[in-house]
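Quick notes on the structure that follows.
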Amino acid sequence: MKVSRCFRTQLFSFIVLLLVACKDSKKKNYSVEKNVQVDSLKDCDPTDSVHLLSEVHKHHVASFQNDTLRPVPGIYTAPTVAKTEKDTYDGMVRIPGGTYMMGAQGKLALPREYPKHQVTVSGFWMDAHEVTNAQFKEFVDATGYVTIAEEDVDWEEMKKQVPSGTPKPHDSLLAAGSMAFNPPNHAVKLDDYTQWWAWRTGLNWRRPEGPGSSIEDRMNHPVVHVCYYDAVAYAKWEGKRLPTEAEWEWAARGGLTDKTYPWGDQHVDAGVVKANSWQGDFPHYNSKSDGFYTTAPVKTFQANGYGLYDMAGNVWEWCSDWYHADYYKMAYQMGPQTDPQGPDRFFDPQDPYAPKKSQRGGSFLCNDSYCASYRVSARMPGSLDTGMPHVGFRCVKD
């Protein structure tokens with residue numbers, strides 16, 4: 001059966017605004033996921049990005065929850081394995097198994113990182129560094145894969161899944177693109193991220209800043225503008241997978257116990273430069289004291305105790321777990337766990353109807369004044385179909 005592509009979050013916003021303006025206020029119930037309902041479109045805040053998910057994706061929720069890589073028209077679905085077993089361990093580090101207290105400590109932590117709970121992780125292999133542009137290019141050259149950000153939205157397909165009579169968005173909103181970091185030139189309050197994020201056409205992994213930009217001199221930088229589906233496709237081609245949150249955090253700690261950062265407790269800006277993050281005043285001024293404004297080449301900074309690079313800063317990294325803001329509370333109540341796979345459903349209170357996966361590690365945009373997510377316990381939700389300039393990934397293998 002032909003399944004339509006996963007439509008980018010920003011397009012949902014546009015259509016929802018049309019719906020709010022054009023539809024009557026008749027009450028409807030849209031089942032989005034287990035035990036979650038929204039009473040009506042009218043009850044939703046039209047400035048949120050995902051209200052139409054209940055209508056567009058309600059018949060896709062089962063496949064979301066089953067974590068399948070859905071076929072997408074015009075987009076190549078990667079084979080399970082395309083490399084030899086010997087090749088797939090190249091560039092990887094063996095992470096020993098062990099037991100630890102997963103979760104946060106320190107004043108910079110957010111509620112979604114609490115409470116600490118006991119987790120046991122079996123040994124596994126992990127990429128020593130984030131997947132680079134060169135590595136992703138090898139995958140694309142070998143398979144013909146096209147990322148989500150490189151595909152225009154097919155309105156003929158999309159209109160089959162929105163309410164009858166929904167007007168067609170302007171062609172510019174159906175064009176291929178991704179999210180862009182668009183900082184102001186002055187200080188702003190940090191309660192509205194639309195002041196520094198914008199949707200732009202023409203951005204993708206090959207052109208990180210849009211038309212005219214290139215990765216030719218950044219082949220050893222982490223690939224960006226890749227969404228969850230793109231990361232899963234690459235991992236399957238390599239005969240690998242994405243890490244669970246429990247695996248990622250255990251690996252990031254590098255053998256240390258109850259430390260804030262991969263290197264210990266010394267603040268990221270103290271002493272020698274330890275990670276690629278934002279120095280200065282976010283989001284309008286970056287002193288670049290670490291040498292970089294955006295991504296840095298992988299392995300620029302010292303590895304952690306397990307020999308893993310950039311487990312703090314540079315780019316956020318996709319994990320396989322569904323993101324649930326209250327999962328740690330649930331995990332604590334369940335007691336000690338072995339090799340947890342995360343929650344069985346997604347939930348982000350700021351965006352409750354959008355399927356999201358967890359991201360880890362922070363990025364070059366992290367700063368104490370805003371997110372301080374270069375900490376080993378930091379976690380963030382990411383929409384499955386949305387690529388961003390500060391999000392990449394690395395793979396693991398059993």
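Naming works like this for the structure tokens: A, B, ... for the chains as they're shown, residue 1 at the start of each chain, ligands 1 onward in shown order.
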Using only C-alpha atoms, which residues of range 186-288 of chain A come within 12 Å of range 144-164 of chain A, and what is the closest atom pair for each, with the distance in Å to one decimal? Give it as JSON lines, sorted by chain and residue number.
{"residue": "A:Trp199", "atom": "CA", "partner": "A:Ala149", "partner_atom": "CA", "distance": 11.1}
{"residue": "A:Arg200", "atom": "CA", "partner": "A:Ala149", "partner_atom": "CA", "distance": 10.4}
{"residue": "A:Thr201", "atom": "CA", "partner": "A:Ala149", "partner_atom": "CA", "distance": 8.8}
{"residue": "A:Gly202", "atom": "CA", "partner": "A:Glu150", "partner_atom": "CA", "distance": 7.7}
{"residue": "A:Leu203", "atom": "CA", "partner": "A:Ala149", "partner_atom": "CA", "distance": 7.1}
{"residue": "A:Asn204", "atom": "CA", "partner": "A:Ala149", "partner_atom": "CA", "distance": 5.5}
{"residue": "A:Trp205", "atom": "CA", "partner": "A:Ala149", "partner_atom": "CA", "distance": 8.0}
{"residue": "A:Arg206", "atom": "CA", "partner": "A:Glu150", "partner_atom": "CA", "distance": 9.3}
{"residue": "A:Arg207", "atom": "CA", "partner": "A:Glu150", "partner_atom": "CA", "distance": 10.1}
{"residue": "A:Pro208", "atom": "CA", "partner": "A:Ala149", "partner_atom": "CA", "distance": 10.8}
{"residue": "A:Gly210", "atom": "CA", "partner": "A:Ala149", "partner_atom": "CA", "distance": 11.2}
{"residue": "A:Val223", "atom": "CA", "partner": "A:Thr147", "partner_atom": "CA", "distance": 11.8}
{"residue": "A:Val224", "atom": "CA", "partner": "A:Ala149", "partner_atom": "CA", "distance": 10.6}
{"residue": "A:His225", "atom": "CA", "partner": "A:Ala149", "partner_atom": "CA", "distance": 7.1}
{"residue": "A:Val226", "atom": "CA", "partner": "A:Thr147", "partner_atom": "CA", "distance": 6.9}
{"residue": "A:Cys227", "atom": "CA", "partner": "A:Ile148", "partner_atom": "CA", "distance": 7.1}
{"residue": "A:Tyr228", "atom": "CA", "partner": "A:Ile148", "partner_atom": "CA", "distance": 9.5}
{"residue": "A:Tyr229", "atom": "CA", "partner": "A:Ile148", "partner_atom": "CA", "distance": 7.9}
{"residue": "A:Asp230", "atom": "CA", "partner": "A:Thr147", "partner_atom": "CA", "distance": 5.9}
{"residue": "A:Ala231", "atom": "CA", "partner": "A:Thr147", "partner_atom": "CA", "distance": 9.4}
{"residue": "A:Val232", "atom": "CA", "partner": "A:Thr147", "partner_atom": "CA", "distance": 11.2}
{"residue": "A:Ala233", "atom": "CA", "partner": "A:Tyr145", "partner_atom": "CA", "distance": 8.6}
{"residue": "A:Tyr234", "atom": "CA", "partner": "A:Tyr145", "partner_atom": "CA", "distance": 9.1}
{"residue": "A:Trp237", "atom": "CA", "partner": "A:Tyr145", "partner_atom": "CA", "distance": 10.6}
I'd like a table as CSV: residues in range 76-150 of chain A with an atom no more than 7 Å from range 316-337 of chain A, each row giving the shortest atom pair and its distance in Å to one decimal, only C-alpha atoms counted, sorted by chain and rising residue number.
residue,atom,partner,partner_atom,distance
A:Arg112,CA,A:Ala325,CA,5.2
A:Glu113,CA,A:Tyr328,CA,6.8
A:Tyr114,CA,A:Tyr328,CA,5.9
A:Pro115,CA,A:Tyr328,CA,5.9
A:His117,CA,A:Tyr332,CA,5.1
A:Gln118,CA,A:Pro336,CA,4.8
A:Val119,CA,A:Gln337,CA,5.0
A:Thr120,CA,A:Gln337,CA,6.2
Residues from last step as file, C-alpha atoms, as a PDB file, in the first residue's frame:
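Result went into out_36.pdb, see below:
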ATOM      1  CA  ARG A 112      12.382  16.010  32.325  1.00  0.00           C
ATOM      2  CA  GLU A 113      15.755  14.721  33.578  1.00  0.00           C
ATOM      3  CA  TYR A 114      14.398  13.686  37.000  1.00  0.00           C
ATOM      4  CA  PRO A 115      14.240  11.551  39.026  1.00  0.00           C
ATOM      5  CA  HIS A 117      16.563   5.736  38.400  1.00  0.00           C
ATOM      6  CA  GLN A 118      18.663   2.586  38.231  1.00  0.00           C
ATOM      7  CA  VAL A 119      19.468   1.184  34.815  1.00  0.00           C
ATOM      8  CA  THR A 120      21.625  -1.729  33.699  1.00  0.00           C
TER       9      THR A 120
END
- So how far away is CA of His186 in chain A from CA of His284 in chain A, in Å? 5.6 Å
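Every residue of range 338-387 of chain A found in strand (DSSP E) when DSSP is run on the backbone appears here: Thr338, Lys356, Lys357, Ser358, Gln359, Arg360, Arg379, Met380, Pro381, Gly382 and Ser383 of chain A.
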- Straight-line distance linking CA of Leu110 in chain A with CA of Ala251 in chain A, stated in Å to one decimal: 20.6 Å
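Put simply, CA of Ser122 in chain A is 10.3 Å away from CA of Pro340 in chain A.
Every residue of range 203-382 of chain A with a DSSP assignment of helix (DSSP H, G or I), taken from the backbone, is listed as A:Tyr228, A:Tyr229, A:Asp230, A:Ala231, A:Val232, A:Ala233, A:Tyr234, A:Ala235, A:Lys236, A:Trp237, A:Glu245, A:Ala246, A:Glu247, A:Trp248, A:Glu249, A:Trp250, A:Ala251, A:Ala252, A:Arg253, A:Tyr327, A:Tyr328, A:Lys329, A:Met330, A:Ala331, A:Tyr332, A:Gln333, A:Met334.
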- Pick out the residues sitting within 9 Å of range 89-98 of chain A, and hand them over as a VMD selection string; count only C-alpha atoms, and ignore anything fewer than 6 positions along from it in its own chain. chain A and resid 119 to 129 250 to 251 254 306 to 308 395 to 397
Quick one: write out the picked residues with C-alpha atoms as a PDB file, in the first residue's frame?
ATOM      1  CA  VAL A 119      19.468   1.184  34.815  1.00  0.00           C
ATOM      2  CA  THR A 120      21.625  -1.729  33.699  1.00  0.00           C
ATOM      3  CA  VAL A 121      22.998  -1.656  30.162  1.00  0.00           C
ATOM      4  CA  SER A 122      24.523  -4.592  28.281  1.00  0.00           C
ATOM      5  CA  GLY A 123      27.755  -4.056  26.384  1.00  0.00           C
ATOM      6  CA  PHE A 124      27.557  -2.687  22.839  1.00  0.00           C
ATOM      7  CA  TRP A 125      29.574  -0.936  20.134  1.00  0.00           C
ATOM      8  CA  MET A 126      29.229   2.788  19.438  1.00  0.00           C
ATOM      9  CA  ASP A 127      30.558   5.068  16.716  1.00  0.00           C
ATOM     10  CA  ALA A 128      33.529   6.974  18.117  1.00  0.00           C
ATOM     11  CA  HIS A 129      32.186  10.165  16.581  1.00  0.00           C
ATOM     12  CA  TRP A 250      25.872   5.370  29.893  1.00  0.00           C
ATOM     13  CA  ALA A 251      28.347   5.830  27.045  1.00  0.00           C
ATOM     14  CA  GLY A 254      32.594   7.408  29.998  1.00  0.00           C
ATOM     15  CA  TYR A 306      35.466   5.411  26.636  1.00  0.00           C
ATOM     16  CA  GLY A 307      37.124   7.103  23.670  1.00  0.00           C
ATOM     17  CA  LEU A 308      33.954   8.802  22.393  1.00  0.00           C
ATOM     18  CA  CYS A 395      25.101   4.660  15.515  1.00  0.00           C
ATOM     19  CA  VAL A 396      25.530   1.632  17.739  1.00  0.00           C
ATOM     20  CA  LYS A 397      25.780  -2.098  17.144  1.00  0.00           C
TER      21      LYS A 397
END
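Proximity of A:Ala104, A:Ala378, A:Ala252, A:Met219 to Val298 in chain A, computed with only C-alpha atoms, is greatest for A:Met219.
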